[in-house]
Amino acid sequence: MSFDCSRFSFRPWNDFLGVVMQQGRVQLDADWNEWVAELARRLQAGSLDTFGPAVVPRETPNGFRIAVQGQGLAIGPGRIYVDGLLAENHGTGPIEWDRQLAEEAGSDFTPFFEQPYLPFNDLTQESPGSVFNRPSFDGGPYLVYVDVWQREVTYLQSRELVEKAVGVDTTGRLQTVWQVKLLENVEDATCASRDDEVPGWDAIVRPSAARLTTSTGELPDAPNPCLPPPSAGYKGLENQLYRVEIHRGGAQNDTHHRVAQGDKATFKWSRDNATVASRVSAIPTPTTIVVESVGRDGYLRFSNGDWIEILDDWHELHGLPGVLRRIRAGGGVDDATRTITLEAALPDGLFPVDAQGVPVGARNTHVRRWDQAGKVLQADGSVFHDLDASGESDGIPIPSAGTSLFLEHGIQVSFDTELAGGEFKTGDHWVFAARATDGTIDLLNKAPPRGIHHHYARLSIISDPSATIRAHDATDCRSLWPPEAQGESCDCTICIQAEAHNARIATIQDAINKLTKRGGGTICLDVGTYRLDEPLHIKKASSLRIRGQGWRTVCSRHGALCTIEDSVGVTLERMSFMGSATEGSTTAMITAINTVGLRLQEVAIMGVAERNSFNVASANSVSVALELAGHQIGTVVSNCALVADQGMKGGTHEVERNHLLTAQCRIENSFFLCRWRAVNFEGLAEREQEAMCLHYGELLIADNFVVGCADAGFQITGATLPGGIVAIRGNVLNVNGTGIRAGTRGLRIDGNEVIGATDRISGDGIDLVPGLDPRGIEDLWVTGNALTDLGGHGIAIRTAVGNGMITSNIVRRVAGAALLMENGGSAEYLAIDSNQFVEIGLNPNPELEFVGIQLLAVARADVRDNLVTDVAHMQEVQGQTLVKPGGAALLAAAFGELRVAGNRVHGVGPPVVYPDPGITVAMRFLTPFRHLAVAGNSVARLNNIADQGGGSPVWQALRVGPEATRRAGAKSFAFMSLTARDLLITATHVRAIAKEEAPGITISGNQLTSFAAELPMVEIEKVETCLFIDNHCRMLEKGPSPRVIAKLSANYINASNNRLISTGEKNTLDLNTDDGRLVAVGNISTGQIILNGKPLDQKWKALNLIGS
C-alpha cells in the first residue's frame, strides 16, 4: 500500500545529513519523510560498507541457517544483513528473554511453510487460488535464498496503526520483509558459483529494467477556457502526487518484435498516489463488495465508473497484481450500505470468504482506486487503448519505446528499458509531484523505479535431486560476521571450542598445563558454554593468557571456577564465569594467591548462592566473585562485571592464607552487583572469616558502578605501608547500606557519587572507621564527592585523623548529619572548606537532637566558606508532626583552636512553631576550649531572609558556653566534669579533656538575622575574653516578646562597632563584666545597651549611637 504524502524529496546526490526545523515555519510531511529516508540510507550504507553484501552476525549464529527437519526445511532464528538491510527471524516455539536487546524472542527454527511473510494455502486449491499453493520440492537440486525488501504498511494492512482514541489513521510504517525461497534445478551449482553459473539465478537477482520519462504537452484539440493557458504545462487545478505503477510484469512492445498479449507489461496510474482505499468488510456476491468507508469527502472517494483494484496481503507478498474492476456507472456506489457494485465478477476463490461473505484468513483484503479511465491517447491525439471496452482490465499496455501517452491535464509519460529485451516487474512504480501554482511537474528522464527493490542472499545448496531432502544434503552458504582469522597466527597458541572441551577431547585445563610447561602462550576460546568438572587450576604459570570472544564465552560449574596461584603475568579477558556457592560456606568463583601482573579485562563473573529444594537461597552460602590472597603485585581488574554476594574479597577462608598484601593494585571501570559488599579489604579481623589486608604503593579503586550492597559498597579497613595511599576516585555507588567505609593512612576519597536507597533506609555516605593502624588516618582527603538520599550521615568520622581535608563535597537529603564526629573520632587538624550541606538532619527520631556538622576532640580546625541550609525541617509521619528536641547546624565540643569563617547557615530548624521545643542553635560551641574565632558568617533563621518568623521561640544564632539544660535531647557524646579535667564520653571511648583556664573568643564581621525569640540571638558565657565587634545583628518583629539581641558574659569584653537592630526600643546588648574590663564603643543600636543590669552610663553612651 502507498502513503498519503505531498511529495518525496530525498535525493542521495544532495548529500544532506538531516532536516532542521526553523521557528515559525509551516511543517511539511515531505521534510520529515526526507529525514527518515536520509537516516535509512545512512544506516544501510554504513552496514553495507562494514559487512558487505550478506552476513549473519555471530551474536545470532543460527540466523537464517537452513536446517532439514524430517523432509521439510526450517529457518534458523536470528538476524542477517543483506545489502545493508537488517532482516530478522524472530523464531518460533518457547519464548526466551534476550538480555542484550531486552525483548522476547522465539528459540526454535521456523518451518518453511510458516514463515511470516510468505503465506501458502494449507490445502491444494484449483485455479485461480492455485497461485498460492505450496511448492512441491520435486525439482532439486535447490538453491535456498532469502529475498529482502521493504514494504509500505498503512492501516489497511495493520489495524493497530489506528489510535482508538483518535479513530482515524495518522501515520504509516516501513516494514522490512524477508522471504526464504527455493530455486529449482540448479544442477552443479555451489555456494561460490558466479551468478551466471547458476541456472535461473541471474534472472532473479537482476534489477528491474523499467524506466519512465515524464513531460507535459498539449492535445491537438480546442482549448478549454476554464483551464490554465497552454504555457502553464500542467493544466490541473490541484496539487497532486501522481503514481505510475506496473500492474502486470512482462516485456515492452517492440516495433520489430511483437509481444504476445499475455506476456505484455501493463500499467495503471493515480493522481493521489493510490491512497483512496478502504478495507473490505464483505464480498456478498462476485459483483458486490462492502467496504469500511466509501471515502473521506466528495473527491477522495469511490464513485460510479471508477477503476478499483481488489487485492490482499497474499497478492502483495507473492509479488502478484490485484484484480482490476470498474465500478458500475449507474448506482455503482451505495453510500448508505457502503456497497460497491462491479461491472464484472471477481474470480471465484481468489479472495476466500465465509458463508456470510466476510473475508477469512486475516489476509487484509482491501480495494484502492486508480484514476485511468476512458480512452488513453497518444501524443498526437490518436487513441492508444480504450478502457471503456470492458468492465475488467489488466491495465494499460506498455507502449513501445518512444511512444508518449497522455494521463491527464497535459501530463505525458513514456516507457523504456535499460537494456534491450529487459522486462518490467509487477510493483515497479514511480511518483512525481504536479503543482498548480506554476504548472510544473517533476520531470523524470528514463528514471528507474522508486520501488520495489529486492535484495537477495544465498543461504544453502540442497544437492539431492529427489523429493526426499536429507540433513546431509544442505550446504551452508551463509557468511558469519566478524570473520574468523584465517591461517596460522602467533596470536593464539591453542584454540579450543566448547564442543571439544565438553567432550573432553581438548579441555581448557589440558591447554593450561601445556602452556605452563611451555613457559607461556595464549589460549583462545570460541563462543560457547564450557562445562567444568573441577575448577581450572593455574599454578606456577608465566605469560599465560586465556581469551574468549566476549560474554558468550562462558565457563560454568556448580561451585568454584578457577584458582590462580604462584603465577606471573596471567591474563583473563573477554569471557564469563558462572558458578555458585556451596552449602554452608563462602565460595570464591575465582581465587588468586601470590601473583604478579595478574590482569582481568572484560571478564564477567557471576556467583549465586546455592538454593534448596524450595528454590530459596541458603543463608549459610556466601558467594565471592573474585578473591585475592597472599601478595598481589600489579593486579588489575578492568572493565569487568562482578555479580555475587561479595564482589572482591581479601584473603581466603584458610587460616594460613587469610591475609592480603597489594602493591600497585587497580580496580577500575567495572560493574558490581552485590548483596553484601562490592570490594571488601578488611582490616584487623573482627570475625574469624575476615582477613588482614595491607597495601603498598597505590591501591586505586576508580570509575566503577556499584549497585546493591546491604552493608557497604567499599570496605577498606586494613593498613597502608609507609608511602602508600588508597585512592577511591570517581565511582558511582547506588547502595542499600554505607557507600564507602575506610580506615587507612593516605586515604583519598575523591569525586565519588553515593546514592542511597529509597525512603532513606541506607547507611552513611562515607564512613571513616578504625583500621589496622592504631594511629588512625593520616593525610585524609575527602573532596568533590556527592552524597544524596542517605538514611545515615553524609560523612562520619569514627576514628582518629591526623591532618585532613574535607572540601568541595555536596551532601543532600540525609537523615543524619552532613559531617559527624562520634565514637573514636578525633583530629589533629581539619580543613572543612567549600562544602554544600543541604536538607540534612531529617532523622524522624523525636528523642535525638539534630546536628548538621558535629566536631569532637579536634585540636585545630578551620570551617570556611560552607553552605549549610535546610537543617532539621519538621517532618510528618502517619499524619502526625514530629517534635524535635532541638539541635544545632554546627556543634563543636572538646576542641582546641577553631576558626569558623565565611559560612552561610540558613534555614535551621522547623519553619513553624510547635509545642515544648528544645533550643535550636545555628552555631553552638561547648566549653571548655582554648580559642574560638567566628568571623564573616551569614546566619539566618530561614532561607528567605525577608520572611523571618513563625519558627521556634527558643532559637539562637550563636551560643558559646556549657551545655544547656532545657529539654536537651540525646546526643552521641556527653561530658563529665572532674576536679582537674573533664571527660568526653562517647559510645566507644572516654577521653580526658584538659580544663582551659582562660578560653578566648572572637566574634567579628558576622551578619545574624532572626525573629523575636525567648532567648538572645547570641549568648556567650563562661569565657575569659570576648571580642564582639563589627557584627550586623537584626531581630525582626515577628514572634514573642523579644529578649536582647546578644548577652555576653566574660571577664573581659570588647563590644564595639556593631549594628544592632531590634523591635521598637528594646534593649539590644546585655553585657556582664566589671566596668573596668569593658570596651563598648562605636555601636549603633536601636535600643539600650545594658551593663550588669543597668543602661550604660554617660561616659559610654557618648561613644555609641543609641536609639537609631
# chains A, B, ... in the order shown; residues from 1 in each chain; ligands from 1

$ closest_atom_pairs --of "range 417-456 of chain A" --to "range 388-400 of chain A" --cutoff "12 Å" --atoms "only C-alpha atoms" --output "CSV"
residue,atom,partner,partner_atom,distance
A:Thr417,CA,A:Ser400,CA,10.0
A:Ala420,CA,A:Ser400,CA,11.8
A:Gly421,CA,A:Ser400,CA,11.8
A:Glu423,CA,A:Ile398,CA,10.9
A:Phe424,CA,A:Ile398,CA,9.3
A:Lys425,CA,A:Ile398,CA,11.9
A:Thr426,CA,A:Gly395,CA,11.5

$ residues_around --residues "Gly630 in chain A" --least-positions-apart "3" --cutoff "7 Å" --atoms "only C-alpha atoms" --output "ChimeraX atom specification"
/A:593-594,657,659-661

$ residues_around --residues "Glu499 in chain A" --least-positions-apart "5" --cutoff "10 Å" --atoms "only C-alpha atoms" --output "PyMOL selection string"
chain A and resi 504-507+526+528-531

$ closest_residue --among "A:Asn903, A:Thr110, A:Gln240, A:Asn89" --to "Arg435 in chain A" --atoms "only C-alpha atoms"
A:Gln240

$ closest_residue --among "A:His247, A:Arg748, A:Val754, A:His429" --to "Gly708 in chain A" --atoms "only C-alpha atoms"
A:Val754

$ select_by_dssp --residues "range 569-798 of chain A" --states "strand (DSSP E or B)" --output "PyMOL selection string"
chain A and resi 569-581+586-596+599-609+611+617+622-633+636-638+641-650+659-668+671-681+692-702+705-708+712-716+719-720+725-729+732-735+738-742+747-750+753-755+766-768+777+780-783+786-790+795-797

$ select_by_dssp --residues "range 92-180 of chain A" --states "helix (DSSP H, G or I)" --output "PyMOL selection string"
chain A and resi 112-114+129-132+159-161

$ write_last_selection --atoms "N, CA and C atoms" --output "mmCIF file, in the first residue's frame"
data_model
loop_
_atom_site.group_PDB
_atom_site.id
_atom_site.type_symbol
_atom_site.label_atom_id
_atom_site.label_comp_id
_atom_site.auth_asym_id
_atom_site.auth_seq_id
_atom_site.Cartn_x
_atom_site.Cartn_y
_atom_site.Cartn_z
ATOM 1 N N PHE A 112 9.506 -23.896 7.031
ATOM 2 C CA PHE A 112 9.483 -23.163 5.765
ATOM 3 C C PHE A 112 8.083 -22.654 5.442
ATOM 4 N N PHE A 113 7.075 -23.474 5.659
ATOM 5 C CA PHE A 113 5.714 -23.095 5.287
ATOM 6 C C PHE A 113 5.017 -22.269 6.361
ATOM 7 N N GLU A 114 5.757 -21.866 7.407
ATOM 8 C CA GLU A 114 5.187 -20.999 8.445
ATOM 9 C C GLU A 114 5.916 -19.667 8.542
ATOM 10 N N GLY A 129 -6.957 -19.738 -7.253
ATOM 11 C CA GLY A 129 -6.294 -19.751 -5.951
ATOM 12 C C GLY A 129 -5.046 -20.587 -5.913
ATOM 13 N N SER A 130 -4.770 -21.358 -6.986
ATOM 14 C CA SER A 130 -3.598 -22.221 -7.026
ATOM 15 C C SER A 130 -2.289 -21.436 -7.015
ATOM 16 N N VAL A 131 -2.350 -20.133 -7.293
ATOM 17 C CA VAL A 131 -1.102 -19.338 -7.289
ATOM 18 C C VAL A 131 -0.479 -19.320 -5.904
ATOM 19 N N PHE A 132 -1.262 -19.650 -4.875
ATOM 20 C CA PHE A 132 -0.737 -19.630 -3.508
ATOM 21 C C PHE A 132 -0.510 -21.035 -2.964
ATOM 22 N N ARG A 159 -4.364 -2.875 11.510
ATOM 23 C CA ARG A 159 -5.344 -2.061 12.228
ATOM 24 C C ARG A 159 -4.722 -1.356 13.429
ATOM 25 N N GLU A 160 -3.623 -1.898 13.971
ATOM 26 C CA GLU A 160 -3.001 -1.317 15.150
ATOM 27 C C GLU A 160 -2.477 0.089 14.907
ATOM 28 N N LEU A 161 -2.341 0.492 13.655
ATOM 29 C CA LEU A 161 -1.840 1.832 13.361
ATOM 30 C C LEU A 161 -2.887 2.908 13.613
#

$ residues_around --residues "Pro116 in chain A" --least-positions-apart "3" --cutoff "12 Å" --atoms "only C-alpha atoms" --output "list in words"
Ile75, Glu88, Asn89, His90, Gly91, Thr92, Thr110, Pro111, Phe112, Phe113, Pro119, Phe120, Thr176, Val177, Trp178, Gln179, Val180, Asp313, Trp314 and Leu317 of chain A
